$ cat work-v1.txt   # compact mmCIF, C-alpha atoms
# COMPACT_ATOMS: atom_id res chain seq x y z
CA TYR A 38 -81.79 -17.93 61.57
CA GLN A 39 -84.97 -19.82 62.48
CA ARG A 40 -88.15 -18.49 64.00
CA ARG A 41 -90.36 -20.49 66.33
CA VAL A 42 -93.72 -19.44 67.82
CA HIS A 43 -95.06 -21.08 70.99
CA GLY A 44 -97.90 -20.23 73.35
CA GLY A 45 -97.53 -20.54 77.09
CA ILE A 46 -97.19 -18.87 80.48
CA PRO A 47 -93.96 -17.22 81.72
CA SER A 48 -92.92 -17.74 85.31
CA LEU A 49 -90.08 -16.05 87.19
CA SER A 50 -88.68 -17.84 90.21
CA GLY A 51 -85.26 -17.39 91.80
CA GLU A 52 -82.53 -17.21 89.18
CA TYR A 53 -84.59 -18.74 86.36
CA LEU A 54 -87.30 -17.72 83.91
CA SER A 55 -89.56 -20.63 83.01
CA PHE A 56 -92.03 -20.91 80.17
CA THR A 57 -94.85 -23.45 80.56
CA ASN A 58 -96.80 -24.87 77.63
CA VAL A 59 -100.51 -24.10 77.52
CA SER A 60 -101.35 -27.66 76.44
CA ASP A 61 -99.28 -29.30 79.20
CA ASP A 62 -99.41 -27.20 82.33
CA ALA A 63 -97.09 -29.49 84.24
CA THR A 64 -94.23 -29.36 81.76
CA ALA A 65 -91.90 -26.38 81.29
CA ALA A 66 -91.07 -25.73 77.64
CA PHE A 67 -87.74 -24.21 78.69
CA GLU A 68 -85.90 -22.66 81.61
CA LEU A 69 -83.54 -19.74 81.16
CA SER A 70 -80.92 -18.57 83.62
CA LEU A 71 -81.15 -14.84 84.22
CA LYS A 72 -77.37 -14.63 84.13
CA ASN A 73 -77.49 -15.42 80.40
CA ILE A 74 -79.68 -12.40 79.60
CA ARG A 75 -77.65 -9.61 78.05
CA GLN A 76 -80.43 -7.16 77.18
CA VAL A 77 -84.06 -6.68 78.17
CA GLN A 78 -86.30 -4.25 76.33
CA GLY A 79 -89.99 -3.81 75.75
CA SER A 80 -92.31 -1.99 73.40
CA GLY A 81 -96.07 -2.12 73.71
CA LYS A 82 -97.16 -5.70 74.22
CA GLU A 83 -93.76 -7.17 73.33
CA VAL A 84 -90.81 -7.97 75.59
CA SER A 85 -87.56 -9.15 73.98
CA LEU A 86 -84.51 -10.78 75.55
CA GLU A 87 -81.09 -10.88 73.95
CA LEU A 88 -78.97 -13.75 75.22
CA ALA A 89 -75.24 -13.61 75.80
CA GLY A 90 -73.25 -16.33 74.00
CA GLU A 91 -70.04 -17.78 75.34
CA GLN A 92 -66.81 -16.36 73.97
CA GLY A 93 -65.46 -18.47 71.16
CA GLU A 94 -68.77 -20.29 70.79
CA THR A 95 -69.31 -21.53 67.25
CA ALA A 96 -72.30 -23.88 67.64
CA ASP A 97 -75.83 -22.76 66.83
CA GLY A 98 -77.84 -21.43 69.74
CA VAL A 99 -80.69 -19.17 70.78
CA ALA A 100 -79.78 -15.49 70.34
CA GLU A 101 -83.08 -13.76 71.08
CA ILE A 102 -86.46 -14.55 72.67
CA ARG A 103 -89.53 -12.38 72.28
CA PHE A 104 -92.69 -12.55 74.35
CA HIS A 105 -95.93 -11.19 72.93
CA ILE A 106 -98.24 -10.65 75.88
CA PRO A 107 -101.96 -9.97 75.26
CA ASN A 108 -104.06 -7.88 77.61
CA LEU A 109 -105.42 -10.91 79.49
CA ALA A 110 -102.07 -12.63 79.96
CA THR A 111 -101.55 -15.02 82.85
CA LEU A 112 -98.35 -14.59 84.83
CA ARG A 113 -97.01 -16.74 87.62
CA GLY A 114 -94.37 -16.85 90.29
CA GLU A 115 -92.64 -13.74 91.56
CA ILE A 116 -93.97 -11.65 88.67
CA ALA A 117 -97.58 -12.44 89.58
CA ASN A 118 -96.95 -11.91 93.27
CA GLY A 119 -95.62 -8.43 92.54
CA SER A 120 -92.45 -9.07 94.54
CA THR A 121 -90.24 -7.65 91.77
CA THR A 122 -92.30 -4.64 90.75
CA GLY A 123 -94.39 -3.80 93.80
CA GLU A 124 -97.53 -3.83 91.61
CA GLN A 125 -100.50 -6.08 92.12
CA SER A 126 -103.89 -6.32 90.45
CA GLY A 127 -106.54 -8.83 89.41
CA THR A 128 -107.68 -11.76 91.57
CA ASP A 129 -106.50 -12.59 95.08
CA SER A 130 -104.98 -15.97 94.15
CA ASP A 131 -101.39 -16.37 95.39
CA ASP A 132 -100.30 -18.49 92.42
CA GLU A 133 -101.91 -16.75 89.52
CA LYS A 134 -102.95 -13.13 88.95
CA LYS A 135 -103.97 -10.91 86.07
CA LEU A 136 -101.48 -8.04 85.68
CA ASP A 137 -100.62 -5.28 83.24
CA PRO A 138 -99.45 -7.51 80.38
CA ALA A 139 -95.99 -6.47 79.24
CA LYS A 140 -95.04 -4.00 81.94
CA ALA A 141 -95.07 -6.55 84.77
CA LEU A 142 -92.84 -8.98 82.89
CA LEU A 143 -90.51 -6.23 81.66
CA GLU A 144 -90.05 -4.61 85.07
CA GLY A 145 -89.81 -7.98 86.78
CA LEU A 146 -87.06 -9.19 84.46
CA LYS A 147 -85.15 -5.91 84.72
CA ALA A 148 -85.27 -5.98 88.52
CA LYS A 149 -84.23 -9.64 88.78
CA CYS A 150 -81.42 -9.23 86.24
CA GLU A 151 -80.05 -6.32 88.23
CA GLU A 152 -80.05 -8.43 91.37
CA ASP A 153 -78.29 -11.33 89.66
CA ILE A 154 -75.41 -9.34 88.13
CA GLY A 155 -73.28 -10.12 91.15
CA GLY A 156 -71.74 -7.73 93.62
CA ARG A 157 -72.90 -4.17 93.95
CA ALA A 158 -72.58 -1.08 91.80
CA LEU A 159 -69.48 0.99 92.55
CA ALA A 160 -70.81 4.14 90.85
CA HIS A 161 -74.15 5.43 89.57
CA LEU A 162 -74.58 7.87 86.67
CA ASP A 163 -78.18 9.00 86.44
CA ASP A 164 -80.10 10.69 83.63
CA ILE A 165 -77.31 10.67 81.04
CA LEU A 166 -78.36 12.12 77.67
CA LEU A 167 -77.55 10.04 74.59
CA ALA A 168 -77.45 11.76 71.20
CA PHE A 169 -77.43 8.40 69.44
CA PRO A 170 -79.54 6.41 70.03
CA LYS A 171 -81.74 9.19 71.34
CA ALA A 172 -82.54 8.45 74.99
CA ARG A 173 -81.92 9.33 78.63
CA LEU A 174 -80.38 6.40 80.49
CA ASP A 175 -78.91 5.47 83.86
CA PHE A 176 -75.50 3.78 84.09
CA ASP A 177 -74.62 1.47 86.98
CA LEU A 178 -70.90 0.71 86.98
CA PHE A 179 -69.88 -2.64 88.47
CA LYS A 180 -66.43 -4.12 88.75
CA ASP A 181 -66.39 -5.96 85.40
CA LEU A 182 -69.51 -4.71 83.61
CA MET A 183 -72.10 -1.98 83.58
CA ARG A 184 -75.87 -1.99 83.53
CA VAL A 185 -77.57 0.57 81.31
CA ARG A 186 -81.21 1.18 82.15
CA GLY A 187 -83.93 3.16 80.42
CA PRO A 188 -87.72 3.27 80.23
CA ARG A 189 -87.81 0.58 77.54
CA GLN A 190 -84.39 -1.05 77.58
CA SER A 191 -81.94 -2.71 79.90
CA TRP A 192 -78.45 -3.53 78.62
CA VAL A 193 -75.57 -5.35 80.24
CA ILE A 194 -72.26 -4.32 78.70
CA ALA A 195 -69.01 -5.96 79.70
CA TYR A 196 -66.04 -3.61 79.83
CA SER A 197 -64.15 -6.06 77.63
CA ASP A 198 -66.69 -5.25 74.87
CA ILE A 199 -65.63 -1.59 74.80
CA ASN A 200 -62.98 -1.38 72.08
CA GLN A 201 -62.16 2.29 72.49
CA MET A 202 -63.71 5.62 73.38
CA PHE A 203 -63.74 9.02 71.70
CA LEU A 204 -64.05 12.44 73.32
CA LEU A 205 -64.91 14.91 70.56
CA PRO A 206 -66.22 18.50 70.72
CA SER A 207 -69.31 19.72 68.94
CA SER A 208 -68.96 22.39 66.25
CA ASP A 209 -70.85 24.92 68.38
CA GLY A 210 -68.25 24.65 71.14
CA LEU A 211 -70.96 24.13 73.78
CA HIS A 212 -71.03 20.34 74.02
CA GLN A 213 -68.75 17.33 74.24
CA HIS A 214 -69.44 13.87 72.77
CA LEU A 215 -68.20 10.83 74.67
CA VAL A 216 -68.48 7.82 72.36
CA LEU A 217 -68.34 4.21 73.57
CA SER A 218 -67.40 1.93 70.64
CA LEU A 219 -68.65 -1.62 71.22
CA SER A 220 -67.47 -4.88 69.70
CA LYS A 221 -70.93 -6.37 70.40
CA PRO A 222 -73.69 -3.95 69.44
CA VAL A 223 -76.65 -3.24 71.69
CA LYS A 224 -80.17 -3.05 70.33
CA SER A 225 -82.89 -0.46 70.68
CA GLY A 226 -85.93 -1.99 69.06
CA GLN A 227 -84.53 -3.92 66.12
CA GLN A 228 -81.74 -1.46 65.34
CA PRO A 229 -78.21 -2.49 66.42
CA TYR A 230 -75.86 0.22 67.68
CA HIS A 231 -72.07 -0.16 67.65
CA HIS A 232 -71.57 3.28 69.19
CA LEU A 233 -73.22 4.93 72.19
CA VAL A 234 -72.88 8.71 71.83
CA LEU A 235 -73.17 10.45 75.20
CA LEU A 236 -73.75 14.20 75.07
CA PHE A 237 -72.60 16.66 77.77
CA GLU A 238 -72.72 20.41 78.19
CA GLU A 239 -69.24 21.86 78.58
CA SER A 240 -70.47 24.43 81.07
CA LYS A 241 -71.98 21.86 83.43
CA VAL A 242 -69.65 21.55 86.43
CA ILE A 243 -69.82 19.69 89.74
CA GLU A 244 -68.57 21.95 92.51
CA GLU A 245 -66.25 20.85 95.29
CA ALA A 246 -68.86 21.87 97.86
CA ASP A 247 -71.25 19.24 96.46
CA PRO A 248 -68.98 16.61 94.81
CA PHE A 249 -69.88 13.47 92.93
CA GLU A 250 -69.62 10.49 95.29
CA LEU A 251 -68.83 6.91 94.33
CA THR A 252 -70.47 4.07 96.23
CA ALA A 253 -67.16 2.19 96.16
CA THR A 254 -64.98 1.99 99.25
CA THR A 255 -61.48 3.46 99.40
CA GLU A 256 -59.98 -0.02 98.93
CA GLU A 257 -62.16 -0.70 95.87
CA VAL A 258 -61.20 2.65 94.35
CA GLN A 259 -57.53 1.90 94.87
CA GLU A 260 -57.97 -1.51 93.25
CA LEU A 261 -59.53 0.16 90.20
CA ASN A 262 -56.70 2.68 89.97
CA ASP A 263 -54.13 -0.12 90.11
CA ARG A 264 -55.58 -1.93 87.08
CA LYS A 265 -53.73 0.10 84.43
CA ASN A 266 -51.55 3.15 84.21
CA GLY A 267 -53.51 6.26 83.44
CA PRO A 268 -55.90 8.68 85.12
CA THR A 269 -57.03 7.92 88.65
CA ILE A 270 -60.32 8.46 90.44
CA SER A 271 -61.18 9.22 94.03
CA PRO A 272 -64.22 8.47 96.22
CA THR A 273 -65.36 12.08 95.68
CA MET A 274 -64.84 13.98 92.41
CA SER A 275 -65.50 17.49 91.16
CA GLY A 276 -65.02 19.37 87.89
CA PRO A 277 -66.68 19.38 84.44
CA VAL A 278 -69.21 16.56 84.19
CA PHE A 279 -67.89 15.22 80.89
CA GLU A 280 -64.38 14.94 82.31
CA ILE A 281 -65.61 13.05 85.39
CA VAL A 282 -67.64 10.59 83.32
CA ALA A 283 -64.81 10.06 80.81
CA LYS A 284 -62.36 9.41 83.63
CA LEU A 285 -64.73 6.89 85.27
CA PHE A 286 -65.19 4.94 82.03
CA LYS A 287 -61.45 5.05 81.41
CA VAL A 288 -60.58 3.63 84.84
CA PHE A 289 -63.37 1.01 84.93
CA SER A 290 -62.92 -0.29 81.36
CA GLY A 291 -59.26 0.42 80.69
CA ALA A 292 -60.17 1.42 77.13
CA LYS A 293 -58.24 4.16 75.37
CA ILE A 294 -59.84 7.59 74.91
CA ILE A 295 -59.14 9.21 71.52
CA GLY A 296 -59.48 12.97 71.07
CA PRO A 297 -59.46 15.22 68.00
CA SER A 298 -56.24 15.53 66.04
CA ASN A 299 -54.15 18.62 66.77
CA LYS A 300 -52.70 18.43 63.26
CA PHE A 301 -56.00 19.11 61.51
CA GLN A 302 -57.54 22.57 61.45
CA SER A 303 -60.78 23.39 59.67
CA MET A 304 -61.21 26.59 57.64
CA ASP A 305 -64.77 27.13 58.89
CA THR A 306 -64.62 30.52 60.63
CA LYS A 307 -68.20 30.24 61.92
CA ALA A 308 -67.57 27.07 63.94
CA ALA A 309 -66.39 27.43 67.53
CA SER A 310 -64.37 24.21 67.18
CA ASN A 311 -62.09 23.88 64.14
CA ARG A 312 -61.28 20.18 64.51
CA SER A 313 -64.08 18.88 62.29
CA ILE A 314 -65.75 19.44 58.92
CA SER A 315 -69.43 20.36 58.69
CA CYS A 316 -71.23 18.11 56.21
CA SER A 317 -74.14 15.71 55.89
CA HIS A 318 -74.27 11.92 55.76
CA LYS A 319 -77.40 10.01 54.80
CA ALA A 320 -79.44 13.24 54.90
CA GLN A 321 -78.29 13.94 58.47
CA SER A 322 -76.23 17.04 59.25
CA GLY A 323 -73.20 16.52 61.44
CA SER A 324 -69.44 16.77 61.78
CA LEU A 325 -66.72 14.66 60.20
CA PHE A 326 -63.58 14.43 62.35
CA PRO A 327 -60.31 13.60 60.54
CA LEU A 328 -58.44 11.73 63.29
CA ASP A 329 -54.86 10.49 63.37
CA LYS A 330 -55.96 6.92 62.58
CA GLY A 331 -59.34 7.34 60.95
CA PHE A 332 -62.49 9.39 60.38
CA PHE A 333 -65.46 9.74 62.74
CA PHE A 334 -68.88 11.17 61.84
CA LEU A 335 -71.15 12.49 64.61
CA PRO A 336 -73.77 12.54 65.96
CA LYS A 337 -76.00 10.27 63.86
CA PRO A 338 -75.65 7.92 62.25
CA SER A 339 -72.32 7.58 64.09
CA LEU A 340 -69.63 6.07 61.87
CA TYR A 341 -65.95 5.28 62.40
CA ILE A 342 -63.68 4.51 59.42
CA ARG A 343 -60.07 3.44 60.00
CA ASN A 344 -57.40 4.75 57.66
CA THR A 345 -56.19 1.20 57.09
CA ASP A 346 -59.63 0.31 55.70
CA VAL A 347 -59.73 3.20 53.21
CA LYS A 348 -59.09 2.31 49.58
CA LEU A 349 -59.46 5.83 48.14
CA VAL A 350 -61.28 9.12 48.65
CA LYS A 351 -63.19 10.39 45.62
CA PHE A 352 -64.14 14.05 45.14
CA SER A 353 -67.09 15.30 43.11
CA ASN A 354 -68.61 18.73 42.28
CA VAL A 355 -65.19 20.30 42.93
CA GLY A 356 -65.09 23.97 42.02
CA GLN A 357 -68.63 24.70 43.14
CA ARG A 358 -69.71 26.31 46.40
CA TYR A 359 -70.16 22.89 48.02
CA PHE A 360 -68.55 19.62 47.02
CA ASP A 361 -68.95 15.96 47.99
CA ILE A 362 -66.51 13.28 49.03
CA ALA A 363 -66.93 9.50 49.03
CA ILE A 364 -64.68 7.33 51.18
CA HIS A 365 -64.31 3.94 49.51
CA ILE A 366 -63.23 1.12 51.79
CA ASN A 367 -61.42 -2.06 50.89
CA GLN A 368 -64.55 -4.23 51.12
CA GLY A 369 -66.08 -2.29 48.23
CA ALA A 370 -68.60 -0.09 50.04
CA ALA A 371 -68.49 3.71 49.96
CA HIS A 372 -69.52 6.24 52.59
CA GLU A 373 -70.67 9.51 51.05
CA PHE A 374 -70.49 12.94 52.69
CA GLN A 375 -72.25 15.84 51.01
CA SER A 376 -72.33 19.65 51.25
CA VAL A 377 -68.72 20.23 52.24
CA ASN A 378 -67.80 23.91 52.02
CA LYS A 379 -65.35 24.74 49.21
CA ASN A 380 -63.05 26.44 51.76
CA GLU A 381 -62.32 23.02 53.27
CA TYR A 382 -61.01 21.59 50.00
CA ALA A 383 -57.34 22.49 50.42
CA VAL A 384 -57.05 21.27 54.03
CA ILE A 385 -58.77 17.97 53.22
CA VAL A 386 -56.50 17.26 50.25
CA GLU A 387 -53.44 18.16 52.30
CA TRP A 388 -54.61 15.89 55.13
CA LEU A 389 -55.12 12.95 52.77
CA LYS A 390 -51.63 13.48 51.34
CA LEU A 391 -50.23 13.49 54.87
CA LYS A 392 -51.96 10.18 55.61
CA GLU A 393 -50.91 8.77 52.21
CA ILE A 394 -54.50 8.05 51.20
CA ARG A 395 -55.16 7.78 47.47
CA THR A 396 -57.49 10.41 46.00
CA GLU A 397 -59.50 10.75 42.82
CA GLY A 398 -61.30 13.72 41.25
CA THR A 399 -59.26 16.52 42.83
CA LYS A 400 -58.73 19.83 41.03
CA GLU A 401 -55.14 18.98 40.20
CA GLN A 402 -56.10 15.57 38.86
CA ASN A 403 -58.94 17.05 36.79
CA ILE A 404 -56.64 19.70 35.27
CA LYS A 405 -54.02 17.08 34.51
CA ALA A 406 -56.60 14.81 32.92
CA GLN A 407 -57.89 17.67 30.74
CA ALA A 408 -54.35 18.57 29.70
CA GLU A 409 -53.63 14.96 28.80
CA ALA A 410 -56.86 14.77 26.83
CA MET A 411 -55.97 17.93 24.86
CA GLY A 412 -52.46 16.61 24.33
CA ASP A 413 -53.84 13.38 22.94
CA SER A 414 -56.11 15.22 20.49
CA SER A 415 -53.28 17.47 19.24
CA THR A 416 -51.05 14.45 18.87
CA ASP A 417 -53.70 12.78 16.74
CA ASP A 418 -53.90 15.86 14.47
CA ASP A 419 -50.13 15.95 14.13
CA PHE A 420 -50.12 12.28 13.35
CA GLN A 421 -52.63 12.76 10.53
CA GLY A 422 -50.54 15.64 9.03
CA GLU A 423 -47.35 13.69 9.17
CA GLY A 424 -49.07 10.70 7.61
CA SER A 425 -49.67 12.52 4.26
CA SER A 426 -46.97 11.31 1.88
CA SER A 427 -44.71 13.38 -0.39
CA GLU A 428 -46.44 11.88 -3.41
CA GLU A 429 -49.73 13.41 -2.29
CA PHE A 430 -47.96 16.71 -1.74
CA ASP A 431 -46.42 16.62 -5.26
CA ALA A 432 -49.72 15.61 -6.81
CA THR A 433 -51.38 18.56 -5.15
CA ASP A 434 -48.68 20.94 -6.45
CA SER A 435 -48.86 19.55 -10.01
CA SER A 436 -52.65 19.80 -10.10
CA SER A 437 -52.53 23.42 -8.97
CA GLU A 438 -49.97 24.23 -11.68
CA GLU A 439 -52.18 22.67 -14.38
CA GLU A 440 -55.19 24.68 -13.20
CA SER A 441 -53.25 27.96 -13.34
CA ALA A 442 -51.98 27.17 -16.85
CA LYS A 443 -55.53 26.47 -18.09
CA LYS A 444 -56.80 29.75 -16.61
CA LYS A 445 -53.99 31.65 -18.31
CA LYS A 446 -54.70 30.06 -21.71
CA ALA A 447 -58.41 30.77 -21.41
CA GLY A 448 -57.64 34.39 -20.66
CA ASN A 449 -55.50 34.73 -23.79
CA ASP A 450 -58.24 33.25 -26.05
CA LYS A 451 -60.85 35.86 -24.96
CA PRO A 452 -61.19 38.94 -27.25
CA LYS A 453 -59.90 42.12 -25.80
CA LYS A 454 -62.48 44.80 -25.00
CA ASP A 455 -62.11 48.34 -26.32
CA LYS A 456 -62.35 50.44 -23.26
CA GLY A 457 -62.67 53.76 -25.15
CA LYS A 458 -65.49 52.73 -27.51
CA LYS A 459 -69.11 52.27 -26.63
CA ARG A 460 -71.08 49.31 -27.89
CA HIS A 461 -74.20 50.29 -30.02
CA ARG A 462 -77.22 48.16 -30.57
CA PRO A 463 -78.28 47.69 -34.18
CA GLU A 464 -81.46 49.65 -34.95
CA SER A 465 -84.41 47.64 -35.88
CA ASP A 466 -85.95 48.18 -39.36

$ encode --input "work-v1.txt" --output "structure tokens"
Amino acid sequence: YQRRVHGGIPSLSGEYLSFTNVSDDATAAFELSLKNIRQVQGSGKEVSLELAGEQGETADGVAEIRFHIPNLATLRGEIANGSTTGEQSGTDSDDEKKLDPAKALLEGLKAKCEEDIGGRALAHLDDILLAFPKARLDFDLFKDLMRVRGPRQSWVIAYSDINQMFLLPSSDGLHQHLVLSLSKPVKSGQQPYHHLVLLFEESKVIEEADPFELTATTEEVQELNDRKNGPTISPTMSGPVFEIVAKLFKVFSGAKIIGPSNKFQSMDTKAASNRSISCSHKAQSGSLFPLDKGFFFLPKPSLYIRNTDVKLVKFSNVGQRYFDIAIHINQGAAHEFQSVNKNEYAVIVEWLKLKEIRTEGTKEQNIKAQAEAMGDSSTDDDFQGEGSSSEEFDATDSSSEEESAKKKKAGNDKPKKDKGKKRHRPESD
């Protein structure tokens, strides 16, 4: 990774973003096709672009460009003219104007990138709440990719980058989590996110009288339904919001949706949903879902661990009111989960046995280890007793016999006392 700092003037024209050197106004330092921009996000005076690399590309290349724009920045082209944002300020020159520094460039790039995606959006999902990362975003679903837009970010996510999805209930029974697992993480600020956790209220329903309408034609909807076997969509849809959104992502991306395992049942009587374990991870309270092929922790930090990657599960503080578990993976790292209720112990151990996952520190193993330790100590004592030879035993017997004989002889030599007579002291003269 190498960092370069250059000063210049950005210019947006057509399908390209140009950057002109301050020292040489006639020469462009670089030109960037808007089609190569994967993400656009801004914060304060900074606008950052993440570039999409070609699949299978191994050569070094530019992955990210950041623009730091001071208050008196000079912008040119369509950004300065306000044709992309509708905003205009500063002087009346057609070529060069003083604008709000970062906002004009950010909004201009977001608008142009949306235009250059190709085609038109077939469905719009507005004001979707994300539990992780925390945000409210709009989703524009195109034929082969989707645009995710927010106040400070703009992501382009290809459907081929969605590995799988998860639809998991919250422990309160009032919400559903729809998780998009990405092979290429998106960034919010400098933090990469491999999972987008969408949060929906179970009670929120779209009625048939006012259905959700796709912008796609009937032919385009049929083409989407013919991609893969599975659920189908229609130009108008009604029902629970989370089911509609999950079905749309399923049909557009073709990715599999994984739900909670029916074979696991928590012992937490207070939770409305008994498919997860209440615990904490990295000082964040959440739910750990034992799934058929792995473990998933929600809502943040979201974490998915495949069973095939698990080396062993280690228990600690067993026997107390709350215990901890650490899932060690094959690469050597360990993911720790604290404050698990003691009532969950039996079902967790049984689940790990069912999945043939090695455990360490369970009650049974601790009792066995203590028994073996006590057995070893008693064996050592027995070994020491058996090691005393018969000669030592005979020597001990002979020495005791000699002592008793001496005591007997000494007793015979002592004068016998007259029990009936009293002893008088001689009187002094």

$ residues_around --input "work-v1.txt" --residues "stretch 249-264 of chain A" --least-positions-apart "5" --cutoff "6 Å" --atoms "only C-alpha atoms" --output "PyMOL selection string"
chain A and resi 159-160+269+272-274

$ write_last_selection --input "work-v1.txt" --atoms "C-alpha atoms" --output "PDB file, in the frame of the given file"
ATOM      1  CA  LEU A 159     -69.480   0.990  92.550  1.00  0.00           C
ATOM      2  CA  ALA A 160     -70.810   4.140  90.850  1.00  0.00           C
ATOM      3  CA  THR A 269     -57.030   7.920  88.650  1.00  0.00           C
ATOM      4  CA  PRO A 272     -64.220   8.470  96.220  1.00  0.00           C
ATOM      5  CA  THR A 273     -65.360  12.080  95.680  1.00  0.00           C
ATOM      6  CA  MET A 274     -64.840  13.980  92.410  1.00  0.00           C
TER       7      MET A 274
END

$ closest_residue --input "work-v1.txt" --among "A:Gln375, A:Ser303, A:Ser353, A:Ser317" --to "A:Thr396" --atoms "all atoms listed in the file"
A:Ser353

$ residues_around --input "work-v1.txt" --residues "A:Ile364" --least-positions-apart "5" --cutoff "9 Å" --atoms "only C-alpha atoms" --output "VMD selection string"
chain A and resid 342 347 to 351 370 to 374

$ closest_residue --input "work-v1.txt" --among "A:Ala363, A:Gly356, A:Pro327, A:Gly210" --to "A:Asn403" --atoms "only C-alpha atoms"
A:Gly356

$ atom_distance --input "work-v1.txt" --atom1 "atom CA of A:Gly291" --atom2 "atom CA of A:Ser271"
16.1 Å

$ residues_around --input "work-v1.txt" --residues "stretch 214-221 of chain A" --least-positions-apart "2" --cutoff "8 Å" --atoms "all atoms listed in the file" --output "CSV table (one decimal) with C-alpha atoms, in the frame of the given file"
chain,number,residue,atom,x,y,z
A,198,ASP,CA,-66.7,-5.2,74.9
A,199,ILE,CA,-65.6,-1.6,74.8
A,200,ASN,CA,-63.0,-1.4,72.1
A,201,GLN,CA,-62.2,2.3,72.5
A,202,MET,CA,-63.7,5.6,73.4
A,203,PHE,CA,-63.7,9.0,71.7
A,204,LEU,CA,-64.0,12.4,73.3
A,205,LEU,CA,-64.9,14.9,70.6
A,206,PRO,CA,-66.2,18.5,70.7
A,207,SER,CA,-69.3,19.7,68.9
A,212,HIS,CA,-71.0,20.3,74.0
A,223,VAL,CA,-76.6,-3.2,71.7
A,231,HIS,CA,-72.1,-0.2,67.6
A,232,HIS,CA,-71.6,3.3,69.2
A,233,LEU,CA,-73.2,4.9,72.2
A,234,VAL,CA,-72.9,8.7,71.8
A,235,LEU,CA,-73.2,10.4,75.2
A,236,LEU,CA,-73.8,14.2,75.1
A,237,PHE,CA,-72.6,16.7,77.8
A,279,PHE,CA,-67.9,15.2,80.9
A,283,ALA,CA,-64.8,10.1,80.8

$ closest_residue --input "work-v1.txt" --among "A:Arg157, A:Lys300, A:His365, A:Lys140" --to "A:Arg189" --atoms "all atoms listed in the file"
A:Lys140

$ residues_near_point --input "work-v1.txt" --point "(-54.9, 8.9, 84.4)" --cutoff "8 Å" --atoms "all atoms listed in the file" --output "MDAnalysis selection string"
chainID A and resid 266:269 284 288

$ atom_distance --input "work-v1.txt" --atom1 "atom CA of A:Tyr53" --atom2 "atom CA of A:Asn73"
9.8 Å

$ atom_distance --input "work-v1.txt" --atom1 "atom CA of A:Ser50" --atom2 "atom CA of A:Leu142"
12.2 Å

$ residues_around --input "work-v1.txt" --residues "A:Asp175" --least-positions-apart "3" --cutoff "12 Å" --atoms "all atoms listed in the file" --output "PyMOL selection string"
chain A and resi 160-167+172+178+183-193+235

$ residues_around --input "work-v1.txt" --residues "A:Ser310" --least-positions-apart "4" --cutoff "12 Å" --atoms "only C-alpha atoms" --output "number ranges by chain"
A: 205-213, 297-299, 301-306, 314-315, 324, 326

$ closest_residue --input "work-v1.txt" --among "A:Pro229, A:Gly398, A:Pro47, A:Pro170" --to "A:Leu335" --atoms "only C-alpha atoms"
A:Pro170

$ axis_aligned_box --input "work-v1.txt" --around "stretch 210-213 of chain A" --padding-each-side "5 Å" --output "AutoDock Vina command-line options"
--center_x -69.6 --center_y 21.0 --center_z 72.7 --size_x 12.8 --size_y 17.3 --size_z 13.1

$ residues_near_point --input "work-v1.txt" --point "(-61.5, 8.4, 60.5)" --cutoff "10 Å" --atoms "only C-alpha atoms" --output "list in words"
Leu325, Phe326, Pro327, Leu328, Asp329, Lys330, Gly331, Phe332, Phe333, Phe334, Leu340, Tyr341, Ile342, Arg343, Asn344, Thr345, Asp346, Val347 and Ile364 of chain A

$ closest_residue --input "work-v1.txt" --among "A:Thr399, A:Ser339, A:Ser48, A:Asn380" --to "A:Ile362" --atoms "all atoms listed in the file"
A:Thr399

$ decode --input "work-v1.txt" --residues "stretch 307-314 of chain A" --atoms "N, CA and C atoms" --output "short mmCIF file (atom, residue, chain, number, x, y, z; two decimals), in the first residue's frame"
data_model
loop_
_atom_site.label_atom_id
_atom_site.label_comp_id
_atom_site.auth_asym_id
_atom_site.auth_seq_id
_atom_site.Cartn_x
_atom_site.Cartn_y
_atom_site.Cartn_z
N LYS A 307 -37.65 -16.40 29.01
CA LYS A 307 -38.04 -15.00 28.88
C LYS A 307 -38.04 -14.54 27.42
N ALA A 308 -37.27 -15.19 26.57
CA ALA A 308 -37.17 -14.77 25.17
C ALA A 308 -38.38 -15.24 24.39
N ALA A 309 -38.88 -14.36 23.50
CA ALA A 309 -40.01 -14.71 22.66
C ALA A 309 -39.61 -15.72 21.59
N SER A 310 -38.34 -15.63 21.13
CA SER A 310 -37.82 -16.58 20.15
C SER A 310 -36.79 -17.48 20.84
N ASN A 311 -36.92 -18.79 20.68
CA ASN A 311 -36.03 -19.72 21.37
C ASN A 311 -35.04 -20.37 20.41
N ARG A 312 -34.67 -19.65 19.36
CA ARG A 312 -33.72 -20.18 18.37
C ARG A 312 -32.31 -19.62 18.53
N SER A 313 -32.09 -18.81 19.56
CA SER A 313 -30.78 -18.21 19.76
C SER A 313 -30.44 -18.18 21.23
N ILE A 314 -29.17 -17.86 21.52
CA ILE A 314 -28.66 -17.79 22.89
C ILE A 314 -28.30 -16.34 23.18
#
